Structure formats: C-alpha cells, structure tokens
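Engineer: Below is the file upload_23.txt, which contains compact mmCIF, C-alpha atoms.
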# COMPACT_ATOMS: atom_id res chain seq x y z
CA MET A 1 88.71 96.75 94.22
CA THR A 2 86.85 94.20 96.34
CA ILE A 3 88.47 93.33 99.64
CA GLU A 4 88.31 89.68 100.63
CA ARG A 5 88.05 89.58 104.41
CA THR A 6 87.74 86.05 105.73
CA ASP A 7 86.93 85.32 109.35
CA PRO A 8 89.69 83.34 111.05
CA PRO A 9 88.85 79.70 111.73
CA LEU A 10 87.60 78.67 115.15
CA THR A 11 90.10 75.82 115.33
CA GLY A 12 93.45 75.15 113.72
CA SER A 13 97.15 75.12 114.37
CA GLU A 14 98.75 77.98 116.23
CA ARG A 15 100.45 79.15 113.04
CA GLU A 16 97.21 79.04 111.03
CA LEU A 17 95.30 80.98 113.68
CA LEU A 18 97.98 83.66 114.07
CA THR A 19 98.46 84.20 110.34
CA THR A 20 94.74 84.25 109.54
CA PHE A 21 94.01 86.69 112.37
CA LEU A 22 96.78 88.95 111.06
CA ASP A 23 95.41 88.74 107.52
CA PHE A 24 91.91 89.49 108.86
CA HIS A 25 93.23 92.68 110.44
CA ARG A 26 95.14 93.63 107.29
CA ALA A 27 91.92 93.21 105.30
CA THR A 28 90.04 95.28 107.87
CA LEU A 29 92.41 98.21 107.30
CA ALA A 30 92.05 97.82 103.53
CA THR A 31 88.26 97.85 103.92
CA LYS A 32 88.43 101.09 105.89
CA CYS A 33 90.42 102.70 103.06
CA GLN A 34 88.45 101.42 100.08
CA GLU A 35 86.38 103.71 97.87
CA LEU A 36 87.88 106.89 99.34
CA THR A 37 89.52 109.70 97.39
CA GLY A 38 93.13 110.68 97.92
CA ASP A 39 91.99 113.78 99.80
CA GLN A 40 89.81 111.66 102.09
CA LEU A 41 92.70 109.28 102.78
CA ARG A 42 94.92 112.28 103.61
CA CYS A 43 92.31 113.92 105.87
CA GLN A 44 93.70 114.33 109.37
CA ALA A 45 91.64 113.28 112.38
CA ASP A 46 91.80 116.48 114.34
CA PRO A 47 94.73 118.77 113.58
CA PRO A 48 97.28 119.26 114.98
CA SER A 49 97.13 115.45 115.05
CA THR A 50 98.65 114.02 111.88
CA LEU A 51 96.63 110.78 112.11
CA SER A 52 95.02 109.85 108.77
CA LEU A 53 94.07 106.67 106.96
CA LEU A 54 96.90 107.27 104.51
CA GLY A 55 99.27 107.76 107.43
CA LEU A 56 98.10 104.47 108.91
CA LEU A 57 98.76 102.63 105.63
CA ARG A 58 102.24 104.14 105.42
CA HIS A 59 102.96 103.47 109.11
CA LEU A 60 101.85 99.85 108.90
CA ALA A 61 103.93 99.28 105.77
CA GLU A 62 106.92 100.49 107.79
CA VAL A 63 105.99 98.30 110.76
CA GLU A 64 105.62 95.23 108.51
CA ARG A 65 109.05 95.98 107.07
CA GLN A 66 110.56 96.50 110.52
CA TRP A 67 109.42 93.26 112.09
CA PHE A 68 109.56 90.85 109.18
CA ARG A 69 112.38 92.10 106.96
CA ARG A 70 114.70 93.87 109.40
CA VAL A 71 114.16 91.75 112.53
CA LEU A 72 113.06 88.29 111.39
CA ALA A 73 115.04 88.08 108.12
CA ALA A 74 117.89 90.42 109.15
CA GLU A 75 117.59 92.28 105.83
CA PRO A 76 119.22 95.71 105.65
CA ALA A 77 115.96 97.23 104.38
CA HIS A 78 115.94 101.02 104.18
CA PHE A 79 113.22 103.01 105.92
CA LEU A 80 110.34 103.83 103.62
CA TRP A 81 109.17 107.27 104.65
CA GLY A 82 111.74 108.92 106.89
CA ALA A 83 115.13 108.73 108.50
CA ASP A 84 116.19 105.58 110.33
CA GLY A 85 113.73 104.83 113.08
CA ASP A 86 111.39 107.78 112.46
CA PHE A 87 108.10 105.91 112.38
CA GLN A 88 106.19 109.21 112.76
CA ALA A 89 107.29 110.36 109.30
CA ALA A 90 104.64 108.06 107.84
CA PHE A 91 101.98 110.21 109.49
CA ARG A 92 103.68 113.59 109.38
CA ASP A 93 104.30 113.58 105.63
CA ALA A 94 101.06 111.86 104.55
CA SER A 95 99.33 115.13 103.68
CA ALA A 96 101.39 115.32 100.47
CA ALA A 97 101.84 111.59 99.86
CA ASP A 98 100.64 109.55 96.89
CA PRO A 99 97.85 107.19 98.05
CA ALA A 100 98.38 104.73 95.17
CA LEU A 101 102.08 104.44 95.98
CA ALA A 102 101.41 104.01 99.70
CA LEU A 103 98.83 101.30 99.04
CA ALA A 104 101.15 99.47 96.63
CA VAL A 105 104.04 99.61 99.13
CA TRP A 106 101.78 98.40 101.95
CA HIS A 107 100.53 95.48 99.82
CA ALA A 108 104.12 94.58 98.89
CA GLU A 109 105.28 94.67 102.50
CA CYS A 110 102.33 92.53 103.60
CA GLN A 111 103.17 89.97 100.91
CA SER A 112 106.83 89.98 101.88
CA SER A 113 105.80 89.39 105.50
CA ARG A 114 103.56 86.49 104.45
CA ASP A 115 106.38 84.97 102.40
CA LEU A 116 108.91 85.26 105.24
CA THR A 117 106.42 83.76 107.68
CA ALA A 118 105.64 80.85 105.35
CA ALA A 119 109.36 80.18 104.83
CA ALA A 120 110.10 80.01 108.56
CA ALA A 121 110.58 76.48 109.84
CA SER A 122 108.52 77.17 112.97
CA LEU A 123 107.08 79.89 115.15
CA ASP A 124 110.19 79.51 117.30
CA VAL A 125 112.47 80.94 114.59
CA THR A 126 114.02 84.14 115.91
CA GLY A 127 115.48 87.38 114.68
CA ARG A 128 117.17 90.31 116.38
CA ASN A 129 116.45 94.01 116.37
CA SER A 130 119.10 96.72 116.14
CA ARG A 131 119.61 96.59 119.94
CA GLY A 132 120.34 92.87 119.79
CA GLU A 133 117.07 91.81 121.41
CA GLU A 134 115.79 88.45 120.20
CA PHE A 135 112.19 87.96 119.05
CA SER A 136 110.43 84.79 117.96
CA LEU A 137 108.18 84.70 114.92
CA ARG A 138 105.37 83.84 117.35
CA TRP A 139 105.99 87.09 119.27
CA ILE A 140 106.18 89.09 116.03
CA LEU A 141 102.85 87.72 114.78
CA ILE A 142 101.14 88.43 118.10
CA HIS A 143 102.60 91.92 118.16
CA MET A 144 101.45 92.59 114.59
CA ILE A 145 97.91 91.48 115.43
CA GLU A 146 97.96 93.91 118.36
CA GLU A 147 99.40 96.68 116.18
CA TYR A 148 96.71 96.28 113.54
CA ALA A 149 93.90 95.89 116.07
CA ARG A 150 94.87 99.15 117.77
CA HIS A 151 95.24 101.05 114.52
CA ASN A 152 92.04 99.57 113.09
CA GLY A 153 90.26 101.24 116.00
CA HIS A 154 91.75 104.52 114.81
CA ALA A 155 90.69 103.67 111.25
CA ASP A 156 87.11 103.06 112.42
CA LEU A 157 86.93 106.56 113.87
CA LEU A 158 88.59 108.17 110.87
CA ARG A 159 86.27 106.48 108.39
CA GLU A 160 83.16 107.35 110.40
CA HIS A 161 84.32 110.97 110.51
CA LEU A 162 84.83 111.01 106.73
CA ASP A 163 81.57 109.54 105.49
CA GLY A 164 79.65 107.99 108.37
CA THR A 165 80.67 104.42 107.47
CA THR A 166 80.83 102.22 110.56
CA GLY A 167 81.34 98.52 111.24
CA GLU A 168 84.15 96.04 111.43
Would you write out, as structure tokens, the structure that this file holds?

Structural biologist:
Amino acid sequence: MTIERTDPPLTGSERELLTTFLDFHRATLATKCQELTGDQLRCQADPPSTLSLLGLLRHLAEVERQWFRRVLAAEPAHFLWGADGDFQAAFRDASAADPALALAVWHAECQSSRDLTAAAASLDVTGRNSRGEEFSLRWILIHMIEEYARHNGHADLLREHLDGTTGE
C-alpha cells in the first residue's frame, strides 16, 4: 500500500492548515508502519517498555475516538482495547494483537474524525469530556497534532531500531 503524504500548504485558512497538518502526521505514522511484518509491528522498544508501532496505532485509534467521537460528538463510543479510560491497554496488549485489525480500526477512526471535523460549523464548536470540561474543535485539532508529533518521534526510533529506516 502506497502512503500519500502531502506537505501542508504554506498559506490557507486556519481550518485548512490544522486539518492538513493533522493528516500529514497521520500519514507519517502510516509511513513508519508500512512494509513491516506483524512481528516487527509488535516488537517492543526496550522491554519492559510496551512501546511498539502496533501499540502506537492502537493508542492513536483510541485517542482519535476519545477526542472526536466521545468529546466533540458526545457519542457513547466504547473503548477499543481496554476498560474505560485505560489508554495503556493499547500498548500492553499489542504483543498478541492483530495488526490488520488495528490498522483497519485506526483508519476508520481517522476517517470518522475527518467526517466530524468537516461537519462542524466552525472551529469554535465545542464538546465536553466526562468531567464536564469544554473543548473547542480548534483545541482538539491542535492537541491531536501534538499527540501525533510526539508519537511520531517514538515511531522514528522504533522503525530505525527495526530495520535502519530513518527520515520523516
């Protein structure tokens, strides 16, 4: 599968810049995972750490679901990989997880997030988390860019460890 990773534009509306930067980071993670075997995707960074590329895919699927479905859209979406609020289950249980399923779920959550973002009237639309805190779509998009950027740094190191591949 060829990953289309398009550089964000240098100018544009705030919404266009935020969404294209987020998609750039999503594509970066997909690039780090492409052409690897299931065992390579499951390979942990440095046990006892449970960090793996497969864990990152699972974690980010859960994070997408959290911020866009649960918070922004107020959907009662179940947790994907563990008990309510256990975001570490995505990493902890990745050693026995199905990479194809994780990738499909991640793609589906990313598309759902894109759809919910496109349907929002503005970046000022808000949603609430389970503690009642209010977040704007703008904040969510910025947070997701930060989340992916941080984890893509982890993915860089994991991929280099696996096969020496480096780069954005």

Engineer: Can you work out the spacing between atom CA of A:Asn152 and atom CA of A:Leu29 in Å, to one decimal?

Structural biologist: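 So the two atoms, atom CA of A:Asn152 and atom CA of A:Leu29, lie 6.0 Å apart.
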
Engineer: With distances taken over only C-alpha atoms, which of A:Gln34, A:His25, A:Gly127, A:Leu57 is nearest to A:Ile140?

Structural biologist: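 Using only C-alpha atoms, A:Ile140 sits closest to A:Gly127.
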
Engineer: What is the atom CA of A:Leu54 to atom CA of A:His161 distance in Å?

Structural biologist: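 Separating atom CA of A:Leu54 from atom CA of A:His161 is a distance of 14.4 Å.
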
Engineer: May I ask for the distance between atom CA of A:Arg92 and atom CA of A:Thr50, given in Å to one decimal place?

Structural biologist: 5.6 Å

Engineer: Given the point (110.9, 107.1, 109.6) in the coordinates of this file, which residues lie within 12 Å, counting all atoms listed in the file, and how would they look as a ChimeraX atom specification?

Structural biologist: /A:55,58-63,65-66,78-93

Engineer: Which residue is closest to A:Leu162? Choose from A:Cys43, A:Thr6, A:Arg15, A:Phe24 and count only C-alpha atoms.

Structural biologist: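 Using only C-alpha atoms, the shortest distance to A:Leu162 belongs to A:Cys43.
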
Engineer: Could you give me, as a ChimeraX atom specification, the residues within 10 Å of A:Met144, counting only C-alpha atoms and dropping anything in the same chain fewer than 5 positions from it?

Structural biologist: /A:18-19,21-22,25-26,60,63-64,67-68,138-139,149-150

Engineer: A:Ala27: which residues within 8 Å, counting only C-alpha atoms, same-chain residues fewer than 5 positions away excluded, as a list in words?

Structural biologist: Ile3, Glu4 and Arg5 of chain A

Engineer: Between A:Arg42, A:His154, A:Arg114, A:Arg159, single out the one closest to A:Ala97, counting all atoms listed in the file.

Structural biologist: A:Arg42

Engineer: So, with only C-alpha atoms as the atoms that count, which of A:Ala30, A:Leu123, A:Leu51, A:Leu17 lies closest to A:Leu157?

Structural biologist: A:Leu51

Engineer: Which residues are close to A:Gly132, i.e. within 12 Å by all atoms listed in the file, leaving aside same-chain residues fewer than 4 positions away? Reply as a ChimeraX atom specification.

Structural biologist: /A:70-71,74,126-128
